[in-house]
Each structure stands twice: as C-alpha cells, then as structure tokens.
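A.B. asks: Structure in structure tokens, see below.
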Amino acid sequence: EDARRRNIPTLGICFGAQILTHAFGGRVEKDEARAEVGTFLVTKTGEGSDDELFRDLPPSFDAQLGHKDHLTVLPAGAVHLASSERSVHQAWKFTDAPVYALTFHPELDQDGVLYRVDYYASEYKLTPDVIASMRAALRPSPEASTILKKFLNTFSGEDSMWKNAQENP
C-alpha cells in the first residue's frame, strides 16, 4: 500500500501478485482442479493491448506458470491485462501508480519450470506419468520474458516515463 501511495514501481509475480491482490481488497482462492503448472497460453485483454508492458506482445503468448491459487476478484481500480483458459486474471495493474501483478512467471524458462516440477512433485501430488506429460508439453516462452526488461526500462531506466514524471511533476 505504501509503494502505491509513494508511486514506487512494483512488480508482483505469482505469490507477489496474490499478496498485492489481497492487500488491495481483491480475492485469491485455492482451486487445485484449475492448477497451472507448466507452459500455458496467456491472452491479452483489450486493456493489455494498450498497456506499456504488454502492447508489444502478440495477442496470445506462451508463459510459464506454477500455481494452484487464482485471483478471483481484482482490487478496486485494477485494470485487467491478461487471462488464460484456466485462470481469468493472469495480470493486472493500477493506472494511478506503477503497480503490476502477474500470476505467470516471466523470470522462468523451461528449465526453471522443470526444476520446480521436480522440487514440488509431492506437494502437487504429481505422479511420474503426469510429470512426463508436463515435461513433454513445456514450450519456450520468449515473449513473456520480455516483460521484466520492459518493466525495468519503463520504470527505472534513464528515459523511463516514471523517472521523467518524478523529475517533472
């Protein structure tokens, strides 16, 4: 809440998105039947197509995911940016502050997901057959990974709109 009030660039990923959603009055619900672990197609909303971080991405893109908790109600004032087949709210932001929440993992590649699948296999109750199926379904997600660099350049770089707004209110 303080970061939003002070206009500090904030990017919550996965559990970070859940924390931001909850902190600002949204709702997060556990739903193991809709768990997303592996590579999934994420689709931008109309607002996502206009957003600084998402606009250069294709309408739908592959992303790495690893969660069984879903954002079911966004906070008041949040703008919905992206969804997937199993989870309606994959990304949101506030328009009054540089605060973004992503349930997908732009920092992970296929190897990162494989490591997590092996590490969490017992917690997610994954059988060897399920793990083999997940491994076979993993795909590269180069578009999703561009969001991290875009966030840093947009809000921290020398020519960032956030820095310019702070220097020229």
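Residue numbering restarts at 1 for every chain of the structure tokens, chains are lettered A, B, ... in their displayed order, and ligands are numbered from 1 as they appear.
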So which residues of chain A fall under strand (DSSP E) by DSSP, listed as a PyMOL selection string?

C.D. replies: chain A and resi 10-13+27-30+36-44+60-67+69-73+78-84+91-94+99-102

A.B. asks: Any chance you could tabulate, as JSON lines, the residues of stretch 8-51 of chain A at most 8 Å from stretch 81-102 of chain A with each one's nearest atom pair and distance in Å to one decimal, using only C-alpha atoms, in chain and rising number order?

C.D. replies:
{"residue": "A:Ile8", "atom": "CA", "partner": "A:Pro98", "partner_atom": "CA", "distance": 6.5}
{"residue": "A:Pro9", "atom": "CA", "partner": "A:Pro98", "partner_atom": "CA", "distance": 4.7}
{"residue": "A:Thr10", "atom": "CA", "partner": "A:Val99", "partner_atom": "CA", "distance": 4.7}
{"residue": "A:Leu11", "atom": "CA", "partner": "A:Tyr100", "partner_atom": "CA", "distance": 4.9}
{"residue": "A:Gly12", "atom": "CA", "partner": "A:Ala101", "partner_atom": "CA", "distance": 4.6}
{"residue": "A:Ile13", "atom": "CA", "partner": "A:Leu102", "partner_atom": "CA", "distance": 4.9}
{"residue": "A:Cys14", "atom": "CA", "partner": "A:Leu102", "partner_atom": "CA", "distance": 6.0}
{"residue": "A:Gly16", "atom": "CA", "partner": "A:Ala101", "partner_atom": "CA", "distance": 7.1}
{"residue": "A:Ala17", "atom": "CA", "partner": "A:Ala101", "partner_atom": "CA", "distance": 4.4}
{"residue": "A:Gln18", "atom": "CA", "partner": "A:Ala101", "partner_atom": "CA", "distance": 7.9}
{"residue": "A:Leu20", "atom": "CA", "partner": "A:Ala101", "partner_atom": "CA", "distance": 6.9}
{"residue": "A:Thr21", "atom": "CA", "partner": "A:Ala101", "partner_atom": "CA", "distance": 7.7}
{"residue": "A:Arg34", "atom": "CA", "partner": "A:Arg86", "partner_atom": "CA", "distance": 5.7}
{"residue": "A:Ala35", "atom": "CA", "partner": "A:Arg86", "partner_atom": "CA", "distance": 7.7}
{"residue": "A:Glu36", "atom": "CA", "partner": "A:Arg86", "partner_atom": "CA", "distance": 7.4}
{"residue": "A:Phe40", "atom": "CA", "partner": "A:Ser84", "partner_atom": "CA", "distance": 7.3}
{"residue": "A:Leu41", "atom": "CA", "partner": "A:Ser84", "partner_atom": "CA", "distance": 6.1}
{"residue": "A:Val42", "atom": "CA", "partner": "A:Ser84", "partner_atom": "CA", "distance": 4.7}
{"residue": "A:Thr43", "atom": "CA", "partner": "A:Ser83", "partner_atom": "CA", "distance": 5.4}
{"residue": "A:Lys44", "atom": "CA", "partner": "A:Ala82", "partner_atom": "CA", "distance": 4.2}
{"residue": "A:Thr45", "atom": "CA", "partner": "A:Leu81", "partner_atom": "CA", "distance": 5.2}
{"residue": "A:Gly46", "atom": "CA", "partner": "A:Leu81", "partner_atom": "CA", "distance": 7.5}
{"residue": "A:Glu47", "atom": "CA", "partner": "A:Leu81", "partner_atom": "CA", "distance": 5.7}
{"residue": "A:Gly48", "atom": "CA", "partner": "A:Leu81", "partner_atom": "CA", "distance": 4.1}
{"residue": "A:Ser49", "atom": "CA", "partner": "A:Leu81", "partner_atom": "CA", "distance": 7.8}
{"residue": "A:Asp51", "atom": "CA", "partner": "A:Leu81", "partner_atom": "CA", "distance": 7.8}

A.B. asks: Tell me which of A:Pro106, A:Pro128, A:Pro75, A:Gly112 sits closest to A:Gly26, counting only C-alpha atoms.

C.D. replies: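 Going through A:Pro106, A:Pro128, A:Pro75, A:Gly112 one by one, the smallest distance to A:Gly26 is for A:Pro75.
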
A.B. asks: Go through A:Gln64, A:His70, A:Leu148, A:Ala76 and flag the residue nearest A:Lys30, using only C-alpha atoms for the distances.

C.D. replies: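 Distance minimum relative to A:Lys30 lands on A:His70.
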
A.B. asks: Quick one: pull the distance between atom CA of A:Asp109 and atom CA of A:Pro59, Å, one decimal.

C.D. replies: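 We find that atom CA of A:Asp109 and atom CA of A:Pro59 lie 20.0 Å from each other.
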
A.B. asks: Suppose you want the space between atom CA of A:Phe15 and atom CA of A:Tyr119; what is it in Å?

C.D. replies: 17.1 Å

A.B. asks: Between A:Arg139, A:His67, A:Arg5, A:Lys149, which one has atoms that come closest to A:Phe54, using only C-alpha atoms?

C.D. replies: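 When distances to A:Phe54 are compared using only C-alpha atoms, the smallest one comes from A:Lys149.
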
A.B. asks: Would you give me, as an NGL selection string, the residues in chain A that DSSP reads as helix (DSSP H, G or I)?

C.D. replies: :A and (2-5 or 15-23 or 32-34 or 46-50 or 110-120 or 128-137 or 142-155 or 161-167)
